[in-house]
>>> print(open('work-v4.txt').read())   # compact mmCIF, C-alpha atoms
# COMPACT_ATOMS: atom_id res chain seq x y z
CA MET A 1 7.41 -0.68 18.35
CA ARG A 2 10.78 -2.25 18.93
CA MET A 3 13.44 -1.04 16.54
CA SER A 4 16.49 -3.09 15.66
CA LYS A 5 19.96 -1.96 16.67
CA GLY A 6 20.23 -0.31 13.26
CA PHE A 7 17.66 2.35 14.22
CA VAL A 8 18.87 5.64 12.78
CA ALA A 9 17.28 8.82 14.08
CA ALA A 10 19.31 11.18 11.97
CA CYS A 11 19.38 13.48 8.97
CA MET A 12 22.50 13.15 6.84
CA LEU A 13 23.98 15.25 4.09
CA VAL A 14 26.09 13.11 1.76
CA PHE A 15 27.74 14.96 -1.08
CA GLY A 16 28.20 13.15 -4.36
CA ALA A 17 26.31 11.89 -7.38
CA SER A 18 23.95 9.61 -5.52
CA LEU A 19 22.47 10.83 -2.21
CA LEU A 20 21.79 14.14 -0.51
CA TRP A 21 20.25 13.94 2.97
CA THR A 22 18.30 16.91 4.30
CA GLY A 23 17.33 18.12 7.76
CA CYS A 24 14.63 16.75 10.07
CA SER A 25 12.00 18.70 11.94
CA SER A 26 13.71 17.60 15.16
CA VAL A 27 16.45 20.14 14.58
CA ALA A 28 15.81 23.55 16.12
CA GLY A 29 13.94 25.77 13.71
CA GLY A 30 13.55 22.94 11.20
CA ASP A 31 16.53 24.14 9.17
CA PRO A 32 18.54 21.67 7.10
CA VAL A 33 21.51 20.23 8.93
CA GLU A 34 24.78 19.22 7.33
CA ILE A 35 26.54 16.45 9.25
CA LYS A 36 28.89 13.64 8.39
CA PRO A 37 27.46 10.18 7.68
CA GLY A 38 27.01 8.16 10.83
CA THR A 39 26.39 11.13 13.13
CA VAL A 40 23.19 10.77 15.12
CA VAL A 41 20.75 13.59 15.79
CA ALA A 42 17.78 13.35 18.15
CA ASN A 43 14.59 12.43 16.32
CA SER A 44 11.22 14.02 17.03
CA SER A 45 8.06 12.03 17.58
CA SER A 46 5.97 11.59 14.46
CA SER A 47 2.28 12.44 14.33
CA THR A 48 -0.05 9.76 13.08
CA GLY A 49 -2.99 11.90 12.02
CA ASP A 50 -6.50 10.51 11.60
CA ASN A 51 -7.18 7.32 9.65
CA PRO A 52 -9.44 4.28 9.95
CA GLY A 53 -6.76 2.49 11.96
CA SER A 54 -6.68 5.09 14.74
CA SER A 55 -7.96 4.32 18.22
CA ALA A 56 -10.75 6.19 19.97
CA ASP A 57 -8.41 8.66 21.66
CA GLY A 58 -6.98 9.68 18.29
CA ASN A 59 -3.68 7.81 18.69
CA SER A 60 -2.74 5.15 16.18
CA SER A 61 -2.98 1.59 17.49
CA ALA A 62 -0.27 0.46 15.08
CA THR A 63 2.63 0.71 17.52
CA GLY A 64 1.11 -1.61 20.10
CA ALA A 65 -0.03 -4.09 17.48
CA LEU A 66 3.36 -4.15 15.79
CA ASP A 67 4.98 -4.65 19.20
CA GLY A 68 2.96 -7.84 19.44
CA LEU A 69 4.70 -9.18 16.34
CA ASP A 70 8.21 -8.01 17.16
CA SER A 71 9.46 -11.53 17.78
CA LEU A 72 9.09 -12.12 14.05
CA ILE A 73 9.94 -8.73 12.51
CA ASP A 74 11.68 -5.49 13.44
CA PHE A 75 11.39 -2.12 11.75
CA VAL A 76 14.17 0.39 11.15
CA GLU A 77 13.43 4.10 10.78
CA ILE A 78 14.63 5.58 7.51
CA PRO A 79 14.94 9.40 7.73
CA ALA A 80 13.45 11.87 5.29
CA SER A 81 15.87 11.94 2.37
CA LEU A 82 16.67 13.28 -1.06
CA LEU A 83 17.84 10.87 -3.75
CA THR A 84 19.62 12.38 -6.74
CA ARG A 85 19.81 10.62 -10.10
CA GLY A 86 21.79 12.73 -12.53
CA VAL A 87 20.43 16.24 -12.02
CA THR A 88 16.96 15.13 -10.86
CA LYS A 89 16.13 15.12 -7.16
CA TYR A 90 13.53 12.90 -5.53
CA ALA A 91 12.44 13.86 -2.01
CA VAL A 92 11.09 11.08 0.20
CA GLY A 93 9.53 11.44 3.64
CA ALA A 94 10.53 9.33 6.63
CA PHE A 95 9.26 5.75 6.77
CA GLU A 96 10.02 2.47 8.52
CA MET A 97 11.33 -0.62 6.75
CA SER A 98 11.53 -4.18 8.02
CA SER A 99 15.11 -4.93 8.98
CA THR A 100 14.90 -8.28 7.19
CA GLU A 101 13.08 -9.84 4.29
CA VAL A 102 9.76 -11.42 5.20
CA THR A 103 10.44 -14.87 6.64
CA GLN A 104 8.54 -18.08 6.09
CA ASP A 105 7.32 -17.98 9.71
CA LEU A 106 5.89 -14.48 9.34
CA TYR A 107 4.34 -15.20 5.96
CA LYS A 108 2.62 -18.31 7.28
CA MET A 109 1.45 -16.47 10.41
CA VAL A 110 -0.20 -13.73 8.35
CA MET A 111 -1.44 -15.73 5.35
CA GLY A 112 -2.09 -19.13 6.96
CA LYS A 113 0.02 -21.08 4.49
CA LEU A 114 3.31 -21.02 2.60
CA PRO A 115 3.95 -20.95 -1.14
CA ALA A 116 5.71 -23.97 -2.60
CA MET A 117 9.30 -23.67 -1.34
CA ASP A 118 12.36 -25.66 -2.37
CA LYS A 119 13.93 -24.89 1.00
CA ILE A 120 11.88 -24.85 4.22
CA GLY A 121 12.82 -23.05 7.44
CA GLY A 122 11.00 -20.59 9.65
CA ASP A 123 13.78 -17.98 9.61
CA ILE A 124 14.54 -18.45 5.91
CA ALA A 125 13.31 -15.69 3.59
CA VAL A 126 10.03 -16.58 1.93
CA ALA A 127 10.24 -16.87 -1.86
CA ASN A 128 8.15 -18.02 -4.81
CA VAL A 129 5.64 -15.24 -4.11
CA SER A 130 4.27 -13.12 -6.91
CA TRP A 131 3.96 -9.35 -6.62
CA TYR A 132 0.23 -9.89 -6.09
CA ASP A 133 0.94 -12.37 -3.29
CA ALA A 134 3.17 -9.79 -1.60
CA VAL A 135 0.43 -7.16 -1.93
CA LEU A 136 -2.15 -9.47 -0.33
CA PHE A 137 0.30 -10.11 2.51
CA CYS A 138 0.72 -6.37 3.07
CA ASN A 139 -3.03 -5.80 3.27
CA ALA A 140 -3.47 -8.77 5.61
CA PHE A 141 -0.63 -7.53 7.84
CA SER A 142 -2.16 -4.04 7.93
CA LYS A 143 -5.49 -5.47 9.06
CA MET A 144 -3.75 -7.61 11.68
CA VAL A 145 -2.19 -4.54 13.29
CA ASN A 146 -5.37 -2.47 12.91
CA ILE A 147 -4.26 0.13 10.39
CA ASP A 148 -5.55 0.99 6.93
CA THR A 149 -4.75 -0.93 3.76
CA ALA A 150 -2.83 0.65 0.88
CA TYR A 151 -4.05 -1.68 -1.88
CA VAL A 152 -7.61 -1.30 -3.19
CA TYR A 153 -9.06 -3.71 -5.75
CA ASP A 154 -12.38 -5.08 -6.99
CA GLY A 155 -11.63 -8.80 -6.79
CA VAL A 156 -9.05 -11.59 -6.76
CA GLY A 157 -8.73 -13.54 -9.97
CA GLU A 158 -6.81 -16.62 -11.03
CA PHE A 159 -3.22 -16.72 -9.71
CA ASN A 160 -4.20 -13.99 -7.21
CA ILE A 161 -4.29 -11.36 -9.94
CA LEU A 162 -5.98 -8.33 -8.41
CA GLU A 163 -8.67 -6.68 -10.51
CA ASN A 164 -8.69 -2.89 -10.97
CA LEU A 165 -5.93 -2.47 -8.42
CA THR A 166 -4.96 0.98 -7.13
CA ILE A 167 -2.51 1.99 -4.40
CA ASP A 168 -3.50 4.56 -1.79
CA TYR A 169 -0.25 6.11 -0.58
CA SER A 170 -2.03 8.64 1.64
CA VAL A 171 -2.95 6.26 4.46
CA GLU A 172 -0.93 4.78 7.29
CA SER A 173 -0.32 1.24 6.11
CA VAL A 174 2.04 -1.66 5.64
CA ARG A 175 3.01 -1.93 1.97
CA LEU A 176 5.84 -2.66 -0.42
CA PRO A 177 8.46 0.09 -0.68
CA THR A 178 8.53 2.36 -3.68
CA ASP A 179 11.55 2.01 -5.91
CA THR A 180 12.99 5.29 -4.60
CA GLU A 181 12.38 4.34 -0.96
CA TRP A 182 14.13 1.04 -1.60
CA GLU A 183 17.21 2.70 -3.12
CA ILE A 184 17.46 5.16 -0.26
CA ALA A 185 17.23 2.24 2.16
CA ILE A 186 19.87 0.07 0.48
CA ARG A 187 22.37 2.92 0.36
CA GLY A 188 22.16 3.60 4.08
CA GLY A 189 23.68 7.03 3.53
CA THR A 190 26.38 5.82 1.13
CA SER A 191 27.05 6.99 -2.41
CA SER A 192 29.29 4.07 -3.40
CA ARG A 193 28.54 1.42 -6.01
CA PHE A 194 27.74 -1.12 -3.28
CA TYR A 195 26.50 -0.28 0.20
CA TRP A 196 29.48 -2.08 1.72
CA GLY A 197 31.91 0.16 -0.15
CA ASP A 198 35.27 -1.55 -0.61
CA ALA A 199 34.63 -4.29 1.95
CA VAL A 200 34.40 -7.97 1.00
CA ALA A 201 30.97 -8.54 -0.60
CA SER A 202 30.54 -12.07 0.81
CA LYS A 203 30.51 -10.66 4.35
CA TYR A 204 27.36 -8.68 3.51
CA ALA A 205 25.49 -10.71 0.91
CA TYR A 206 24.56 -14.28 -0.01
CA TYR A 207 24.93 -14.54 -3.78
CA ALA A 208 26.34 -16.67 -6.62
CA GLN A 209 24.96 -19.79 -4.91
CA THR A 210 22.97 -22.85 -5.98
CA ASN A 211 21.12 -23.84 -2.79
CA GLY A 212 18.28 -21.36 -2.50
CA PRO A 213 17.65 -18.67 0.14
CA VAL A 214 19.04 -18.82 3.66
CA LYS A 215 18.14 -17.61 7.16
CA VAL A 216 17.68 -13.83 7.16
CA ALA A 217 20.27 -11.63 8.92
CA SER A 218 23.04 -14.21 8.43
CA TYR A 219 25.31 -11.52 6.97
CA LEU A 220 26.33 -8.02 8.03
CA PRO A 221 23.72 -5.23 7.76
CA ASN A 222 24.09 -1.90 6.00
CA GLU A 223 24.52 1.40 7.86
CA PHE A 224 20.77 1.60 8.55
CA GLY A 225 20.74 -1.85 10.14
CA LEU A 226 18.99 -3.50 7.16
CA TYR A 227 20.02 -7.07 6.38
CA ASP A 228 20.21 -8.80 2.99
CA MET A 229 19.50 -5.70 0.93
CA GLY A 230 21.84 -7.40 -1.52
CA GLY A 231 21.48 -11.14 -2.15
CA ASN A 232 19.46 -13.89 -0.45
CA VAL A 233 16.14 -13.19 -2.24
CA ALA A 234 15.59 -10.39 -4.71
CA GLU A 235 12.77 -8.08 -3.61
CA TRP A 236 9.59 -6.80 -5.19
CA VAL A 237 8.93 -3.06 -5.02
CA ASN A 238 5.71 -1.21 -5.84
CA ASP A 239 6.77 0.55 -9.05
CA TRP A 240 6.15 -0.47 -12.61
CA TYR A 241 9.36 -0.84 -14.59
CA GLY A 242 10.00 2.18 -16.80
CA SER A 243 11.95 5.38 -17.17
CA THR A 244 12.08 7.72 -14.20
CA SER A 245 10.79 11.28 -14.18
CA THR A 246 13.25 13.95 -15.29
CA LYS A 247 11.56 16.55 -13.08
CA ASP A 248 12.23 17.02 -9.37
CA GLU A 249 9.55 15.15 -7.49
CA GLU A 250 8.33 14.43 -3.96
CA ASN A 251 7.62 10.82 -2.97
CA PRO A 252 7.74 9.45 -6.53
CA THR A 253 5.75 6.28 -7.21
CA GLY A 254 6.80 5.57 -10.78
CA ALA A 255 4.70 5.00 -13.89
CA SER A 256 0.95 4.56 -13.49
CA THR A 257 0.87 1.46 -15.70
CA GLY A 258 3.26 -1.05 -17.20
CA GLU A 259 3.94 -4.68 -18.00
CA TYR A 260 6.66 -5.44 -15.43
CA LYS A 261 7.28 -4.68 -11.78
CA ILE A 262 10.77 -3.76 -10.59
CA VAL A 263 12.70 -6.35 -8.60
CA ARG A 264 15.60 -5.03 -6.51
CA GLY A 265 18.70 -6.28 -4.74
CA GLY A 266 19.66 -9.42 -6.59
CA GLY A 267 19.02 -12.98 -5.42
CA TRP A 268 20.99 -15.93 -4.14
CA SER A 269 22.04 -17.12 -7.63
CA ASP A 270 22.86 -13.69 -9.09
CA LYS A 271 26.26 -12.16 -9.75
CA VAL A 272 27.53 -9.39 -7.53
CA SER A 273 26.65 -6.75 -10.16
CA ALA A 274 22.94 -7.38 -9.48
CA MET A 275 23.43 -5.94 -6.00
CA GLU A 276 24.62 -2.50 -7.03
CA SER A 277 22.64 0.13 -5.13
CA ALA A 278 21.50 1.87 -8.32
CA ASN A 279 20.66 -1.30 -10.27
CA ARG A 280 16.99 -1.22 -11.23
CA ASP A 281 17.15 -3.29 -14.41
CA ASN A 282 15.66 -6.50 -12.97
CA LYS A 283 11.97 -6.77 -13.81
CA LYS A 284 9.24 -9.40 -13.82
CA THR A 285 5.53 -9.53 -14.58
CA PRO A 286 3.58 -9.12 -11.33
CA ALA A 287 2.14 -12.66 -11.57
CA THR A 288 5.62 -14.23 -11.73
CA HIS A 289 6.63 -16.78 -9.11
CA SER A 290 10.34 -17.45 -8.58
CA GLN A 291 12.36 -19.24 -5.93
CA MET A 292 14.74 -16.27 -6.17
CA VAL A 293 12.22 -13.53 -5.39
CA GLY A 294 10.69 -12.49 -2.06
CA PHE A 295 10.04 -9.10 -0.44
CA ARG A 296 10.31 -6.86 2.58
CA ILE A 297 7.76 -4.37 3.86
CA VAL A 298 7.53 -0.77 4.97
CA HIS A 299 5.33 0.90 7.55
CA SER A 300 4.34 4.25 6.07
CA MET A 301 2.47 7.10 7.72
CA GLY A 302 1.22 8.15 4.28
CA PHE A 303 2.08 11.01 1.96
>>> encode(input="work-v4.txt", output="C-alpha cells")
Amino acid sequence: MRMSKGFVAACMLVFGASLLWTGCSSVAGGDPVEIKPGTVVANSSSSTGDNPGSSADGNSSATGALDGLDSLIDFVEIPASLLTRGVTKYAVGAFEMSSTEVTQDLYKMVMGKLPAMDKIGGDIAVANVSWYDAVLFCNAFSKMVNIDTAYVYDGVGEFNILENLTIDYSVESVRLPTDTEWEIAIRGGTSSRFYWGDAVASKYAYYAQTNGPVKVASYLPNEFGLYDMGGNVAEWVNDWYGSTSTKDEENPTGASTGEYKIVRGGGWSDKVSAMESANRDNKKTPATHSQMVGFRIVHSMGF
C-alpha cells in the first residue's frame, strides 16, 4: 500500500514520563535499540499469517486492495511501542493508522451515503457519525479490501445500535484504534504536553472555531505524518471510558463494558486543552451523533 511521507520505519526510545519506545525485529538479533527521536532504522517485512482475507497462495490480499483506495486514504506505519502512564507500562504491537480522519468522500464511497452534515465537501472530515456508525464503516471497509472484520454482532437495531457486539482483535482488519494505540499515535515519539511541543498550536490544529470541520491535512502533521490528531473533528476510539489497568499489559483494550466511549483529540470548537496528548476525559454514549465528532481508522494485523 502507499504510505504517506510521514511513514516511520523506526523504533525509538524516548526517556521521560510519557513514552518509551522499544526495539523492532528488524534490528540484528532482535535486541532493543536506543536511538534519538527522529532517527530512522530499516523496517522488516511483516508477516500476515492465515485469516479469511488471505489469498490462495497464503499472502494477504489487503495490500493490493488498499492500494486501490489510496487516492482517498493513506496509511502510516506506527512502530511497536511502550506507553507509560505513571509506573504502568502498556506494550502495543506495530499497526497502521490512516494519515487523516475519514473524509466525506471516503465515507460515502464505503457506505453509499453521508450522515447529515452542516458543512459539505469531499475532502472535509466526516462528522455526525455515532460510534456504531464508525464500526459499521470499519467492517464495510474491511470487506471492500477483502480482509476479516473485527466487529461481530447479532443484529442492527434502531439508530444502528449493534446487538451483542464483540470485538475480535486477533484478526487482520480495519477498525477503530484502541485508546492506547491512539495516544501512541498522537505523540509521534514525543513526551510533551502537546505533540507540537512549544510551537504555535494554530499551525498544527484547527480549534476554537465556529464554522464546523475543514478539509483534512490543512495543518502541519505530527512526527509520524498524522494530520489533525488535535482539532478538526474529535475522534472515536474503541475503548469504553473508565479507569486504566494498574498492571503492565500488552495491547490493552480497556474495560469490557461501560456507558460511554472515549473520544480523543478535541474538535473544531474545543479549547486547546482538549488536544493534550494524554487527555482522555472526553466521552460520549456510543449512539451519540455530533457535528464535532468523526473518526480515523487503523489497519491491524491482529494481536
>>> atom_distance(input="work-v4.txt", atom1="CA of Pro177 (chain A)", atom2="CA of Val237 (chain A)")
5.4 Å
>>> atom_distance(input="work-v4.txt", atom1="CA of Thr257 (chain A)", atom2="CA of Lys89 (chain A)")
22.2 Å
>>> atom_distance(input="work-v4.txt", atom1="CA of Met275 (chain A)", atom2="CA of Tyr151 (chain A)")
28.1 Å
>>> closest_residue(input="work-v4.txt", among="A:Ser170, A:Ser277, A:Gln209, A:Thr149", to="Gly265 (chain A)", atoms="only C-alpha atoms")
A:Ser277
>>> residues_near_point(input="work-v4.txt", point="(-12.4, -5.4, -5.1)", cutoff="8 Å", atoms="only C-alpha atoms", output="list of chain:residue names")
A:Val152, A:Tyr153, A:Asp154, A:Gly155, A:Val156, A:Leu162, A:Glu163, A:Asn164, A:Leu165
>>> residues_around(input="work-v4.txt", residues="Ser218 (chain A)", least_positions_apart="6", cutoff="12 Å", atoms="only C-alpha atoms", output="JSON, numbers by chain")
{"A": [100, 101, 123, 124, 125, 202, 203, 204, 205, 206, 226, 227, 228, 229, 231, 232]}
>>> closest_residue(input="work-v4.txt", among="A:Gly112, A:Gly294, A:Thr180, A:Ile78", to="Glu249 (chain A)", atoms="only C-alpha atoms")
A:Thr180
>>> residues_around(input="work-v4.txt", residues="Thr178 (chain A)", least_positions_apart="5", cutoff="9 Å", atoms="all atoms listed in the file", output="CSV table (one decimal) with C-alpha atoms, in the coordinates of the input")
chain,number,residue,atom,x,y,z
A,183,GLU,CA,17.2,2.7,-3.1
A,237,VAL,CA,8.9,-3.1,-5.0
A,238,ASN,CA,5.7,-1.2,-5.8
A,239,ASP,CA,6.8,0.6,-9.0
A,251,ASN,CA,7.6,10.8,-3.0
A,252,PRO,CA,7.7,9.4,-6.5
A,253,THR,CA,5.8,6.3,-7.2
A,254,GLY,CA,6.8,5.6,-10.8
>>> closest_residue(input="work-v4.txt", among="A:Ser99, A:Thr285, A:Ser243, A:Thr210", to="Tyr260 (chain A)", atoms="all atoms listed in the file")
A:Thr285
>>> residues_near_point(input="work-v4.txt", point="(7.4, 9.2, 4.5)", cutoff="7 Å", atoms="all atoms listed in the file", output="list in words")
Ala80, Val92, Gly93, Ala94, Phe95, Ser300, Met301, Gly302 and Phe303 of chain A
>>> residues_around(input="work-v4.txt", residues="Tyr90 (chain A)", least_positions_apart="2", cutoff="6 Å", atoms="all atoms listed in the file", output="list in words")
Leu82, Leu83, Asp248, Glu249 and Glu250 of chain A
>>> closest_atom_pairs(input="work-v4.txt", of="region 197-273 of chain A", to="region 278-283 of chain A", cutoff="12 Å", atoms="only C-alpha atoms", output="tab-separated table")
residue	atom	partner	partner_atom	distance
A:Gly230	CA	A:Asn279	CA	10.7
A:Ala234	CA	A:Asn282	CA	9.1
A:Glu235	CA	A:Asn282	CA	9.9
A:Trp236	CA	A:Lys283	CA	8.9
A:Val237	CA	A:Lys283	CA	10.0
A:Asn238	CA	A:Lys283	CA	11.6
A:Asp239	CA	A:Lys283	CA	10.2
A:Trp240	CA	A:Lys283	CA	8.7
A:Tyr241	CA	A:Lys283	CA	6.5
A:Gly242	CA	A:Asp281	CA	9.3
A:Ser243	CA	A:Arg280	CA	10.2
A:Thr244	CA	A:Arg280	CA	10.6
A:Gly258	CA	A:Lys283	CA	11.0
A:Glu259	CA	A:Lys283	CA	9.3
A:Tyr260	CA	A:Lys283	CA	5.7
A:Lys261	CA	A:Lys283	CA	5.5
A:Ile262	CA	A:Lys283	CA	4.6
A:Val263	CA	A:Lys283	CA	5.3
A:Arg264	CA	A:Arg280	CA	6.2
A:Gly265	CA	A:Asn279	CA	7.7
A:Gly266	CA	A:Asn282	CA	8.1
A:Gly267	CA	A:Asn282	CA	10.5
A:Asp270	CA	A:Asn282	CA	10.9
A:Val272	CA	A:Asn279	CA	11.0
A:Ser273	CA	A:Asn279	CA	8.1
>>> closest_residue(input="work-v4.txt", among="A:Ser191, A:Asn128, A:Thr166, A:Ser173", to="Ile147 (chain A)", atoms="only C-alpha atoms")
A:Ser173
>>> axis_aligned_box(input="work-v4.txt", around="region 289-295 of chain A", padding_each_side="4 Å", output="lines of an AutoDock Vina configuration file")
center_x = 10.7
center_y = -14.2
center_z = -4.8
size_x = 16.1
size_y = 18.1
size_z = 16.7
>>> decode(input="work-v4.txt", residues="region 241-256 of chain A", atoms="N, CA, C and O atoms", output="tab-separated table (two decimals), in the first residue's frame")
chain	number	residue	atom	x	y	z
A	241	TYR	N	-15.07	4.19	28.27
A	241	TYR	CA	-14.48	5.15	29.21
A	241	TYR	C	-14.43	4.52	30.59
A	241	TYR	O	-15.40	3.95	31.08
A	242	GLY	N	-13.28	4.62	31.23
A	242	GLY	CA	-13.12	4.08	32.58
A	242	GLY	C	-11.67	4.18	33.01
A	242	GLY	O	-10.81	4.67	32.26
A	243	SER	N	-11.39	3.72	34.20
A	243	SER	CA	-10.02	3.75	34.70
A	243	SER	C	-9.18	2.75	33.95
A	243	SER	O	-9.67	1.73	33.46
A	244	THR	N	-7.89	3.04	33.84
A	244	THR	CA	-6.98	2.14	33.14
A	244	THR	C	-6.38	1.13	34.12
A	244	THR	O	-6.35	1.35	35.33
A	245	SER	N	-5.90	0.03	33.58
A	245	SER	CA	-5.30	-1.01	34.40
A	245	SER	C	-4.05	-0.49	35.09
A	245	SER	O	-3.31	0.32	34.54
A	246	THR	N	-3.84	-0.93	36.31
A	246	THR	CA	-2.63	-0.54	37.05
A	246	THR	C	-1.55	-1.62	36.94
A	246	THR	O	-0.51	-1.51	37.58
A	247	LYS	N	-1.79	-2.63	36.11
A	247	LYS	CA	-0.80	-3.68	35.88
A	247	LYS	C	-0.24	-3.53	34.47
A	247	LYS	O	-0.94	-3.16	33.54
A	248	ASP	N	1.04	-3.83	34.30
A	248	ASP	CA	1.64	-3.82	32.98
A	248	ASP	C	0.83	-4.74	32.06
A	248	ASP	O	0.39	-5.82	32.47
A	249	GLU	N	0.66	-4.30	30.83
A	249	GLU	CA	-0.26	-5.02	29.95
A	249	GLU	C	0.21	-4.93	28.51
A	249	GLU	O	0.80	-3.92	28.10
A	250	GLU	N	-0.08	-5.96	27.72
A	250	GLU	CA	0.21	-5.94	26.29
A	250	GLU	C	-1.08	-5.70	25.52
A	250	GLU	O	-2.10	-6.31	25.77
A	251	ASN	N	-1.03	-4.78	24.57
A	251	ASN	CA	-2.16	-4.45	23.71
A	251	ASN	C	-3.46	-4.27	24.50
A	251	ASN	O	-4.45	-4.99	24.28
A	252	PRO	N	-3.48	-3.34	25.44
A	252	PRO	CA	-4.69	-3.15	26.26
A	252	PRO	C	-5.87	-2.69	25.42
A	252	PRO	O	-5.70	-1.93	24.45
A	253	THR	N	-7.06	-3.14	25.79
A	253	THR	CA	-8.28	-2.76	25.06
A	253	THR	C	-9.32	-2.13	25.98
A	253	THR	O	-10.46	-1.91	25.55
A	254	GLY	N	-8.94	-1.83	27.21
A	254	GLY	CA	-9.83	-1.12	28.11
A	254	GLY	C	-10.86	-2.02	28.78
A	254	GLY	O	-10.80	-3.26	28.70
A	255	ALA	N	-11.83	-1.39	29.42
A	255	ALA	CA	-12.87	-2.12	30.15
A	255	ALA	C	-13.74	-2.92	29.18
A	255	ALA	O	-13.91	-2.56	28.02
A	256	SER	N	-14.30	-4.02	29.66
A	256	SER	CA	-15.13	-4.88	28.82
A	256	SER	C	-16.52	-4.32	28.60
A	256	SER	O	-17.19	-4.64	27.62
